[in-house]
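These notes concern the structure reproduced below.
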Amino acid sequence: MSPLAFVLTLSCYRRWPSRFSTPYSHNLLVLFSSTATTITPPNGNESPSSGPAPPPIRVALTESTGRAVFATRRIGAGDTIHTAKPIVSHPSLSAITTVCYFCLKKINAVTASQSQGVYFCSENCKESSKVFYDVEKKTDWLAFDDYCRTQGLKYPLLVKRLACMVISGAAPAGILDILQPANLTQGMILKMEEGFHLLRNALVKANIGDEHMSFLTKQWYTDVLARIRINAFRIELAAGVYEDLLSLASASIEAEAAVGNAIYMLPSFYNHDCDPNTHIVWIENADAKLKALRDIDEGEELQICYIDASMSYDARESLLSQGFGFKCNCLRCMSGD
């Protein structure tokens, strides 16, 4: 299957139609396909090949869990299954001056490129950030950022960045529609209204024209937050190169506080298991690497753990129910472990 065909196949699994749907641009299709097809060859050599190859996985719908990811060939323990670049990412407010504003790589503020209080690790990242930063830097985000900081909120920052990407024409308003949304109560939606008004007012004061903000309604804001709520990944960098898989997993768990959060396409299709066969890790920046924790047979579902797998059964059950809205029925949980 070609990379483009793979992405088009994924788009067929949209289960939540949106009034904001916008056709994907060619550039976005290339972005998604390239991030989903960087895989480790069967011999374990991670050197780039002459051209992209389809990942050793397929996405399919199941009766029990909905969308799921399955291996299309045997995958060995420690193999890189694929890498993924974020659709949208944003550094934590506490890490703004310590990581690249684009790729979230930890930086040396002395040597990094600075622009209006934020830093970029390279000229390439600074150039790539134009898809959102040309809009962001025109706007006063003080009230919005203070709202996020005082309320302890991180996901509205991703909505802000995505809105700037849509305004700049770099992303369609419905780019996240394919992802599963969280079930929001009316009370949760009401609490989101302040963030929406602060976001829209900031852009209006920056003289962003109505023709560029017609998508930015309260419904769009809450729809995007509903998807980010259960699909966002907390980025904890495990700096350095780890040949040993156990050391890699340990480094990720013991990393310092998160440097930011990000949304990915393909990794968001992975279901949860408290005893997963796949692990997601970030080495230097927000590019995610998914690796096999053990040998995986052809046809076996690939699963990651959404939370800290070392937690007790009761703690895991509570966190999954409150944070993700489901009761885990994996073998480990069914045994009460």
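Each chain in the structure tokens gets a letter, A, B, ..., in the order shown, and its residues are numbered from 1; ligands are numbered from 1 in order too.
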Against range 178-198 of chain A, which residues of range 267-290 of chain A fall within 12 Å? For each one I want the closest pair of atoms and the distance in Å (one decimal), counting only C-alpha atoms, rows by chain and increasing residue number, as CSV.
residue,atom,partner,partner_atom,distance
A:Pro267,CA,A:Leu179,CA,10.6
A:Ser268,CA,A:Leu179,CA,7.2
A:Phe269,CA,A:Leu179,CA,7.8
A:Tyr270,CA,A:Leu179,CA,11.2
A:Asn271,CA,A:Gln180,CA,11.5
Identify, with DSSP run on backbone atoms, the residues in range 155-307 of chain A assigned to alpha helix (DSSP H), and express the list as a PDB file with N, CA and C atoms, in the first residue's frame.
ATOM      1  N   TYR A 155      -4.591  22.029  27.790  1.00  0.00           N
ATOM      2  CA  TYR A 155      -5.157  21.726  26.480  1.00  0.00           C
ATOM      3  C   TYR A 155      -5.640  22.955  25.713  1.00  0.00           C
ATOM      4  N   PRO A 156      -6.150  24.013  26.374  1.00  0.00           N
ATOM      5  CA  PRO A 156      -6.510  25.219  25.608  1.00  0.00           C
ATOM      6  C   PRO A 156      -5.334  25.798  24.827  1.00  0.00           C
ATOM      7  N   LEU A 157      -4.095  25.564  25.297  1.00  0.00           N
ATOM      8  CA  LEU A 157      -2.930  26.045  24.565  1.00  0.00           C
ATOM      9  C   LEU A 157      -2.814  25.354  23.211  1.00  0.00           C
ATOM     10  N   LEU A 158      -3.178  24.081  23.154  1.00  0.00           N
ATOM     11  CA  LEU A 158      -3.181  23.359  21.886  1.00  0.00           C
ATOM     12  C   LEU A 158      -4.272  23.895  20.961  1.00  0.00           C
ATOM     13  N   VAL A 159      -5.425  24.240  21.540  1.00  0.00           N
ATOM     14  CA  VAL A 159      -6.509  24.817  20.733  1.00  0.00           C
ATOM     15  C   VAL A 159      -6.075  26.159  20.161  1.00  0.00           C
ATOM     16  N   LYS A 160      -5.404  26.963  20.981  1.00  0.00           N
ATOM     17  CA  LYS A 160      -4.906  28.261  20.516  1.00  0.00           C
ATOM     18  C   LYS A 160      -3.977  28.081  19.321  1.00  0.00           C
ATOM     19  N   ARG A 161      -3.042  27.165  19.449  1.00  0.00           N
ATOM     20  CA  ARG A 161      -2.086  26.957  18.358  1.00  0.00           C
ATOM     21  C   ARG A 161      -2.785  26.427  17.110  1.00  0.00           C
ATOM     22  N   LEU A 162      -3.715  25.502  17.290  1.00  0.00           N
ATOM     23  CA  LEU A 162      -4.436  24.966  16.136  1.00  0.00           C
ATOM     24  C   LEU A 162      -5.246  26.062  15.456  1.00  0.00           C
ATOM     25  N   ALA A 163      -5.871  26.924  16.237  1.00  0.00           N
ATOM     26  CA  ALA A 163      -6.641  28.031  15.663  1.00  0.00           C
ATOM     27  C   ALA A 163      -5.744  28.920  14.816  1.00  0.00           C
ATOM     28  N   CYS A 164      -4.536  29.187  15.287  1.00  0.00           N
ATOM     29  CA  CYS A 164      -3.590  30.010  14.521  1.00  0.00           C
ATOM     30  C   CYS A 164      -3.170  29.305  13.235  1.00  0.00           C
ATOM     31  N   MET A 165      -3.049  27.986  13.275  1.00  0.00           N
ATOM     32  CA  MET A 165      -2.714  27.220  12.083  1.00  0.00           C
ATOM     33  C   MET A 165      -3.841  27.286  11.054  1.00  0.00           C
ATOM     34  N   VAL A 166      -5.068  27.207  11.530  1.00  0.00           N
ATOM     35  CA  VAL A 166      -6.222  27.296  10.623  1.00  0.00           C
ATOM     36  C   VAL A 166      -6.297  28.692  10.005  1.00  0.00           C
ATOM     37  N   ILE A 167      -6.106  29.726  10.821  1.00  0.00           N
ATOM     38  CA  ILE A 167      -6.157  31.106  10.337  1.00  0.00           C
ATOM     39  C   ILE A 167      -5.094  31.345   9.273  1.00  0.00           C
ATOM     40  N   SER A 168      -3.915  30.763   9.469  1.00  0.00           N
ATOM     41  CA  SER A 168      -2.820  30.960   8.513  1.00  0.00           C
ATOM     42  C   SER A 168      -2.996  30.122   7.251  1.00  0.00           C
ATOM     43  N   GLN A 186     -22.573  19.075  30.422  1.00  0.00           N
ATOM     44  CA  GLN A 186     -22.926  20.469  30.219  1.00  0.00           C
ATOM     45  C   GLN A 186     -22.097  21.364  31.121  1.00  0.00           C
ATOM     46  N   GLY A 187     -21.803  20.883  32.329  1.00  0.00           N
ATOM     47  CA  GLY A 187     -20.985  21.663  33.249  1.00  0.00           C
ATOM     48  C   GLY A 187     -19.577  21.868  32.713  1.00  0.00           C
ATOM     49  N   MET A 188     -19.011  20.840  32.096  1.00  0.00           N
ATOM     50  CA  MET A 188     -17.670  20.952  31.525  1.00  0.00           C
ATOM     51  C   MET A 188     -17.657  21.945  30.377  1.00  0.00           C
ATOM     52  N   ILE A 189     -18.709  21.909  29.557  1.00  0.00           N
ATOM     53  CA  ILE A 189     -18.796  22.822  28.422  1.00  0.00           C
ATOM     54  C   ILE A 189     -18.903  24.270  28.900  1.00  0.00           C
ATOM     55  N   LEU A 190     -19.675  24.494  29.955  1.00  0.00           N
ATOM     56  CA  LEU A 190     -19.824  25.845  30.496  1.00  0.00           C
ATOM     57  C   LEU A 190     -18.486  26.384  31.001  1.00  0.00           C
ATOM     58  N   LYS A 191     -17.661  25.497  31.599  1.00  0.00           N
ATOM     59  CA  LYS A 191     -16.363  25.926  32.107  1.00  0.00           C
ATOM     60  C   LYS A 191     -15.407  26.292  30.975  1.00  0.00           C
ATOM     61  N   MET A 192     -15.654  25.760  29.795  1.00  0.00           N
ATOM     62  CA  MET A 192     -14.790  26.034  28.646  1.00  0.00           C
ATOM     63  C   MET A 192     -15.076  27.393  28.005  1.00  0.00           C
ATOM     64  N   GLU A 193     -16.227  27.974  28.314  1.00  0.00           N
ATOM     65  CA  GLU A 193     -16.645  29.200  27.642  1.00  0.00           C
ATOM     66  C   GLU A 193     -15.669  30.351  27.874  1.00  0.00           C
ATOM     67  N   GLU A 194     -15.117  30.449  29.080  1.00  0.00           N
ATOM     68  CA  GLU A 194     -14.191  31.547  29.370  1.00  0.00           C
ATOM     69  C   GLU A 194     -12.970  31.462  28.462  1.00  0.00           C
ATOM     70  N   GLY A 195     -12.438  30.263  28.291  1.00  0.00           N
ATOM     71  CA  GLY A 195     -11.284  30.090  27.421  1.00  0.00           C
ATOM     72  C   GLY A 195     -11.597  30.453  25.984  1.00  0.00           C
ATOM     73  N   PHE A 196     -12.786  30.070  25.525  1.00  0.00           N
ATOM     74  CA  PHE A 196     -13.186  30.401  24.160  1.00  0.00           C
ATOM     75  C   PHE A 196     -13.244  31.907  23.952  1.00  0.00           C
ATOM     76  N   HIS A 197     -13.889  32.611  24.881  1.00  0.00           N
ATOM     77  CA  HIS A 197     -14.026  34.064  24.736  1.00  0.00           C
ATOM     78  C   HIS A 197     -12.671  34.764  24.802  1.00  0.00           C
ATOM     79  N   LEU A 198     -11.783  34.300  25.681  1.00  0.00           N
ATOM     80  CA  LEU A 198     -10.449  34.892  25.763  1.00  0.00           C
ATOM     81  C   LEU A 198      -9.666  34.673  24.467  1.00  0.00           C
ATOM     82  N   LEU A 199      -9.792  33.485  23.898  1.00  0.00           N
ATOM     83  CA  LEU A 199      -9.104  33.181  22.642  1.00  0.00           C
ATOM     84  C   LEU A 199      -9.626  34.042  21.504  1.00  0.00           C
ATOM     85  N   ARG A 200     -10.929  34.070  21.353  1.00  0.00           N
ATOM     86  CA  ARG A 200     -11.511  34.829  20.244  1.00  0.00           C
ATOM     87  C   ARG A 200     -11.256  36.330  20.409  1.00  0.00           C
ATOM     88  N   ASN A 201     -11.411  36.839  21.628  1.00  0.00           N
ATOM     89  CA  ASN A 201     -11.202  38.271  21.861  1.00  0.00           C
ATOM     90  C   ASN A 201      -9.765  38.685  21.565  1.00  0.00           C
ATOM     91  N   ALA A 202      -8.814  37.818  21.916  1.00  0.00           N
ATOM     92  CA  ALA A 202      -7.407  38.129  21.652  1.00  0.00           C
ATOM     93  C   ALA A 202      -7.158  38.253  20.156  1.00  0.00           C
ATOM     94  N   LEU A 203      -7.754  37.368  19.381  1.00  0.00           N
ATOM     95  CA  LEU A 203      -7.574  37.397  17.926  1.00  0.00           C
ATOM     96  C   LEU A 203      -8.305  38.583  17.297  1.00  0.00           C
ATOM     97  N   VAL A 204      -9.470  38.924  17.833  1.00  0.00           N
ATOM     98  CA  VAL A 204     -10.212  40.082  17.329  1.00  0.00           C
ATOM     99  C   VAL A 204      -9.419  41.360  17.575  1.00  0.00           C
ATOM    100  N   LYS A 205      -8.842  41.483  18.773  1.00  0.00           N
ATOM    101  CA  LYS A 205      -8.048  42.671  19.108  1.00  0.00           C
ATOM    102  C   LYS A 205      -6.793  42.767  18.246  1.00  0.00           C
ATOM    103  N   ASP A 210     -12.742  38.729  10.130  1.00  0.00           N
ATOM    104  CA  ASP A 210     -13.817  37.751  10.311  1.00  0.00           C
ATOM    105  C   ASP A 210     -13.755  36.636   9.281  1.00  0.00           C
ATOM    106  N   GLU A 211     -13.287  36.963   8.074  1.00  0.00           N
ATOM    107  CA  GLU A 211     -13.228  35.947   7.028  1.00  0.00           C
ATOM    108  C   GLU A 211     -12.247  34.838   7.372  1.00  0.00           C
ATOM    109  N   HIS A 212     -11.293  35.126   8.260  1.00  0.00           N
ATOM    110  CA  HIS A 212     -10.316  34.120   8.675  1.00  0.00           C
ATOM    111  C   HIS A 212     -10.747  33.395   9.952  1.00  0.00           C
ATOM    112  N   MET A 213     -11.786  33.921  10.623  1.00  0.00           N
ATOM    113  CA  MET A 213     -12.187  33.345  11.909  1.00  0.00           C
ATOM    114  C   MET A 213     -13.606  32.804  11.907  1.00  0.00           C
ATOM    115  N   LYS A 218     -17.992  28.725  19.353  1.00  0.00           N
ATOM    116  CA  LYS A 218     -17.955  27.992  20.622  1.00  0.00           C
ATOM    117  C   LYS A 218     -18.045  26.488  20.380  1.00  0.00           C
ATOM    118  N   GLN A 219     -18.830  26.109  19.386  1.00  0.00           N
ATOM    119  CA  GLN A 219     -18.970  24.680  19.058  1.00  0.00           C
ATOM    120  C   GLN A 219     -17.647  24.095  18.584  1.00  0.00           C
ATOM    121  N   TRP A 220     -16.946  24.820  17.723  1.00  0.00           N
ATOM    122  CA  TRP A 220     -15.642  24.334  17.245  1.00  0.00           C
ATOM    123  C   TRP A 220     -14.672  24.206  18.413  1.00  0.00           C
ATOM    124  N   TYR A 221     -14.632  25.201  19.269  1.00  0.00           N
ATOM    125  CA  TYR A 221     -13.711  25.204  20.408  1.00  0.00           C
ATOM    126  C   TYR A 221     -13.952  23.987  21.304  1.00  0.00           C
ATOM    127  N   THR A 222     -15.208  23.731  21.654  1.00  0.00           N
ATOM    128  CA  THR A 222     -15.508  22.607  22.539  1.00  0.00           C
ATOM    129  C   THR A 222     -15.305  21.266  21.830  1.00  0.00           C
ATOM    130  N   ASP A 223     -15.610  21.207  20.533  1.00  0.00           N
ATOM    131  CA  ASP A 223     -15.381  19.967  19.781  1.00  0.00           C
ATOM    132  C   ASP A 223     -13.897  19.614  19.752  1.00  0.00           C
ATOM    133  N   VAL A 224     -13.063  20.619  19.529  1.00  0.00           N
ATOM    134  CA  VAL A 224     -11.622  20.378  19.487  1.00  0.00           C
ATOM    135  C   VAL A 224     -11.104  19.973  20.865  1.00  0.00           C
ATOM    136  N   LEU A 225     -11.547  20.660  21.900  1.00  0.00           N
ATOM    137  CA  LEU A 225     -11.118  20.307  23.254  1.00  0.00           C
ATOM    138  C   LEU A 225     -11.569  18.908  23.636  1.00  0.00           C
ATOM    139  N   ALA A 226     -12.758  18.514  23.172  1.00  0.00           N
ATOM    140  CA  ALA A 226     -13.252  17.165  23.474  1.00  0.00           C
ATOM    141  C   ALA A 226     -12.337  16.103  22.884  1.00  0.00           C
ATOM    142  N   ARG A 227     -11.787  16.368  21.708  1.00  0.00           N
ATOM    143  CA  ARG A 227     -10.863  15.413  21.080  1.00  0.00           C
ATOM    144  C   ARG A 227      -9.473  15.469  21.703  1.00  0.00           C
ATOM    145  N   ILE A 228      -9.023  16.672  22.016  1.00  0.00           N
ATOM    146  CA  ILE A 228      -7.716  16.814  22.641  1.00  0.00           C
ATOM    147  C   ILE A 228      -7.714  16.162  24.024  1.00  0.00           C
ATOM    148  N   ARG A 229      -8.800  16.262  24.727  1.00  0.00           N
ATOM    149  CA  ARG A 229      -8.896  15.770  26.105  1.00  0.00           C
ATOM    150  C   ARG A 229      -8.468  14.310  26.241  1.00  0.00           C
ATOM    151  N   ILE A 230      -8.836  13.455  25.269  1.00  0.00           N
ATOM    152  CA  ILE A 230      -8.496  12.035  25.398  1.00  0.00           C
ATOM    153  C   ILE A 230      -7.494  11.564  24.347  1.00  0.00           C
ATOM    154  N   ASN A 231      -6.957  12.486  23.553  1.00  0.00           N
ATOM    155  CA  ASN A 231      -5.983  12.096  22.537  1.00  0.00           C
ATOM    156  C   ASN A 231      -4.634  12.783  22.699  1.00  0.00           C
ATOM    157  N   LEU A 245      16.142  -1.400  25.330  1.00  0.00           N
ATOM    158  CA  LEU A 245      14.738  -1.014  25.402  1.00  0.00           C
ATOM    159  C   LEU A 245      14.302  -0.734  26.832  1.00  0.00           C
ATOM    160  N   LEU A 246      14.783  -1.532  27.784  1.00  0.00           N
ATOM    161  CA  LEU A 246      14.415  -1.321  29.175  1.00  0.00           C
ATOM    162  C   LEU A 246      14.920   0.020  29.666  1.00  0.00           C
ATOM    163  N   SER A 247      16.144   0.377  29.287  1.00  0.00           N
ATOM    164  CA  SER A 247      16.696   1.676  29.672  1.00  0.00           C
ATOM    165  C   SER A 247      15.894   2.807  29.051  1.00  0.00           C
ATOM    166  N   LEU A 248      15.437   2.602  27.824  1.00  0.00           N
ATOM    167  CA  LEU A 248      14.630   3.604  27.132  1.00  0.00           C
ATOM    168  C   LEU A 248      13.326   3.848  27.864  1.00  0.00           C
ATOM    169  N   ALA A 249      12.646   2.764  28.254  1.00  0.00           N
ATOM    170  CA  ALA A 249      11.374   2.890  28.959  1.00  0.00           C
ATOM    171  C   ALA A 249      11.581   3.551  30.319  1.00  0.00           C
ATOM    172  N   SER A 250      12.638   3.149  31.012  1.00  0.00           N
ATOM    173  CA  SER A 250      12.934   3.710  32.323  1.00  0.00           C
ATOM    174  C   SER A 250      13.236   5.193  32.228  1.00  0.00           C
ATOM    175  N   ALA A 251      14.004   5.576  31.212  1.00  0.00           N
ATOM    176  CA  ALA A 251      14.357   6.984  31.038  1.00  0.00           C
ATOM    177  C   ALA A 251      13.123   7.820  30.795  1.00  0.00           C
ATOM    178  N   SER A 252      12.173   7.271  30.058  1.00  0.00           N
ATOM    179  CA  SER A 252      10.943   8.006  29.771  1.00  0.00           C
ATOM    180  C   SER A 252      10.135   8.217  31.035  1.00  0.00           C
ATOM    181  N   ILE A 253      10.019   7.158  31.855  1.00  0.00           N
ATOM    182  CA  ILE A 253       9.229   7.238  33.072  1.00  0.00           C
ATOM    183  C   ILE A 253       9.838   8.201  34.075  1.00  0.00           C
TER     184      ILE A 253
END
Sorted per-residue table, range 54-95 of chain A near range 272-285 of chain A, closest atoms and distance, 10 Å, only C-alpha atoms, as JSON lines:
{"residue": "A:Thr65", "atom": "CA", "partner": "A:His272", "partner_atom": "CA", "distance": 9.7}
{"residue": "A:Ala68", "atom": "CA", "partner": "A:His272", "partner_atom": "CA", "distance": 9.8}
{"residue": "A:Ala77", "atom": "CA", "partner": "A:Asn277", "partner_atom": "CA", "distance": 8.8}
{"residue": "A:Gly78", "atom": "CA", "partner": "A:Thr278", "partner_atom": "CA", "distance": 9.3}
{"residue": "A:Asp79", "atom": "CA", "partner": "A:Thr278", "partner_atom": "CA", "distance": 9.8}
{"residue": "A:Thr80", "atom": "CA", "partner": "A:Thr278", "partner_atom": "CA", "distance": 9.6}
{"residue": "A:Ile81", "atom": "CA", "partner": "A:Thr278", "partner_atom": "CA", "distance": 8.7}
{"residue": "A:His82", "atom": "CA", "partner": "A:Ile280", "partner_atom": "CA", "distance": 9.9}
{"residue": "A:Thr83", "atom": "CA", "partner": "A:Ile280", "partner_atom": "CA", "distance": 9.2}
{"residue": "A:Lys85", "atom": "CA", "partner": "A:Asn285", "partner_atom": "CA", "distance": 9.7}
Output for the residues just chosen: C-alpha atoms as a PDB file, in the first residue's frame:
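Output file again_17.pdb is given in full below:
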ATOM      1  CA  THR A  65     -13.211  -1.223  21.041  1.00  0.00           C
ATOM      2  CA  ALA A  68      -7.703  -0.478  16.580  1.00  0.00           C
ATOM      3  CA  ALA A  77      10.960  -6.868  20.653  1.00  0.00           C
ATOM      4  CA  GLY A  78      12.754  -3.531  20.535  1.00  0.00           C
ATOM      5  CA  ASP A  79      11.851  -2.818  16.903  1.00  0.00           C
ATOM      6  CA  THR A  80      10.751   0.672  15.996  1.00  0.00           C
ATOM      7  CA  ILE A  81       7.251   0.218  14.591  1.00  0.00           C
ATOM      8  CA  HIS A  82       6.945   3.764  13.284  1.00  0.00           C
ATOM      9  CA  THR A  83       7.583   7.369  14.203  1.00  0.00           C
ATOM     10  CA  LYS A  85       5.278  13.952  13.961  1.00  0.00           C
TER      11      LYS A  85
END
Among range 172-322 of chain A, which residues carry a DSSP assignment of strand (DSSP E), reported as number ranges by chain? A: 233-235, 260-263, 271-272, 278-281, 288-292, 301-304
Excluding Val118 in chain A and residues on its chain fewer than 3 positions from it, collect all residues at most 8 Å away from it, counting only C-alpha atoms, and give them as number ranges by chain. A: 96-97, 100-101, 114-115
List the spatial neighbours of Ala315 in chain A as a PyMOL selection string - criterion: any atom at most 12 Å away, only C-alpha atoms, same-chain residues fewer than 3 positions off excluded. chain A and resi 274+307-312+318-323+327-328+333+336-337
Write a file of the just-selected residues containing N, CA, C and O atoms, as a CSV table (one decimal), in the first residue's frame.
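Full text of result_23.csv as output:
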chain,number,residue,atom,x,y,z
A,274,CYS,N,-3.2,-2.3,30.1
A,274,CYS,CA,-2.4,-2.1,31.3
A,274,CYS,C,-1.1,-3.0,31.3
A,274,CYS,O,-0.2,-2.8,32.1
A,307,ILE,N,-1.7,5.3,30.9
A,307,ILE,CA,-1.3,5.9,32.2
A,307,ILE,C,-0.1,5.2,32.7
A,307,ILE,O,0.6,4.4,32.0
A,308,ASP,N,0.3,5.4,34.0
A,308,ASP,CA,1.4,4.7,34.6
A,308,ASP,C,1.1,3.3,34.9
A,308,ASP,O,0.2,3.0,35.8
A,309,ALA,N,1.6,2.3,34.2
A,309,ALA,CA,1.3,0.9,34.4
A,309,ALA,C,1.7,0.4,35.7
A,309,ALA,O,1.2,-0.7,36.1
A,310,SER,N,2.5,1.1,36.5
A,310,SER,CA,2.9,0.6,37.8
A,310,SER,C,1.9,0.9,38.9
A,310,SER,O,2.1,0.4,40.0
A,311,MET,N,0.9,1.6,38.5
A,311,MET,CA,-0.1,2.0,39.5
A,311,MET,C,-0.9,0.7,39.9
A,311,MET,O,-1.0,-0.2,39.2
A,312,SER,N,-1.6,0.8,41.1
A,312,SER,CA,-2.4,-0.3,41.6
A,312,SER,C,-3.6,-0.4,40.7
A,312,SER,O,-4.0,0.5,40.0
A,318,SER,N,-9.6,4.0,38.5
A,318,SER,CA,-10.2,5.4,38.8
A,318,SER,C,-9.7,6.4,37.7
A,318,SER,O,-10.5,7.2,37.2
A,319,LEU,N,-8.4,6.3,37.4
A,319,LEU,CA,-7.8,7.3,36.5
A,319,LEU,C,-8.4,7.1,35.1
A,319,LEU,O,-8.7,8.1,34.4
A,320,LEU,N,-8.5,5.8,34.7
A,320,LEU,CA,-9.0,5.6,33.3
A,320,LEU,C,-10.5,6.0,33.2
A,320,LEU,O,-10.9,6.5,32.2
A,321,SER,N,-11.2,5.8,34.3
A,321,SER,CA,-12.7,6.1,34.2
A,321,SER,C,-12.9,7.6,34.2
A,321,SER,O,-13.6,8.2,33.4
A,322,GLN,N,-12.1,8.3,35.1
A,322,GLN,CA,-12.3,9.8,35.2
A,322,GLN,C,-11.6,10.5,34.0
A,322,GLN,O,-12.2,11.5,33.5
A,323,GLY,N,-10.5,10.0,33.6
A,323,GLY,CA,-9.7,10.8,32.6
A,323,GLY,C,-10.1,10.4,31.1
A,323,GLY,O,-10.0,11.2,30.2
A,327,LYS,N,-13.9,1.7,31.4
A,327,LYS,CA,-13.5,0.7,32.4
A,327,LYS,C,-12.6,-0.3,31.6
A,327,LYS,O,-13.0,-0.9,30.6
A,328,CYS,N,-11.4,-0.5,32.1
A,328,CYS,CA,-10.5,-1.3,31.4
A,328,CYS,C,-10.8,-2.8,31.6
A,328,CYS,O,-11.0,-3.2,32.8
A,333,CYS,N,-6.4,-6.4,34.4
A,333,CYS,CA,-7.4,-5.8,35.2
A,333,CYS,C,-8.5,-6.9,35.5
A,333,CYS,O,-9.0,-6.9,36.6
A,336,GLY,N,-7.6,-8.6,38.5
A,336,GLY,CA,-7.5,-7.8,39.7
A,336,GLY,C,-6.1,-7.4,40.1
A,336,GLY,O,-5.8,-6.9,41.2
A,337,ASP,N,-5.1,-7.6,39.2
A,337,ASP,CA,-3.7,-7.2,39.4
A,337,ASP,C,-3.6,-5.7,39.4
A,337,ASP,O,-3.8,-5.1,38.3
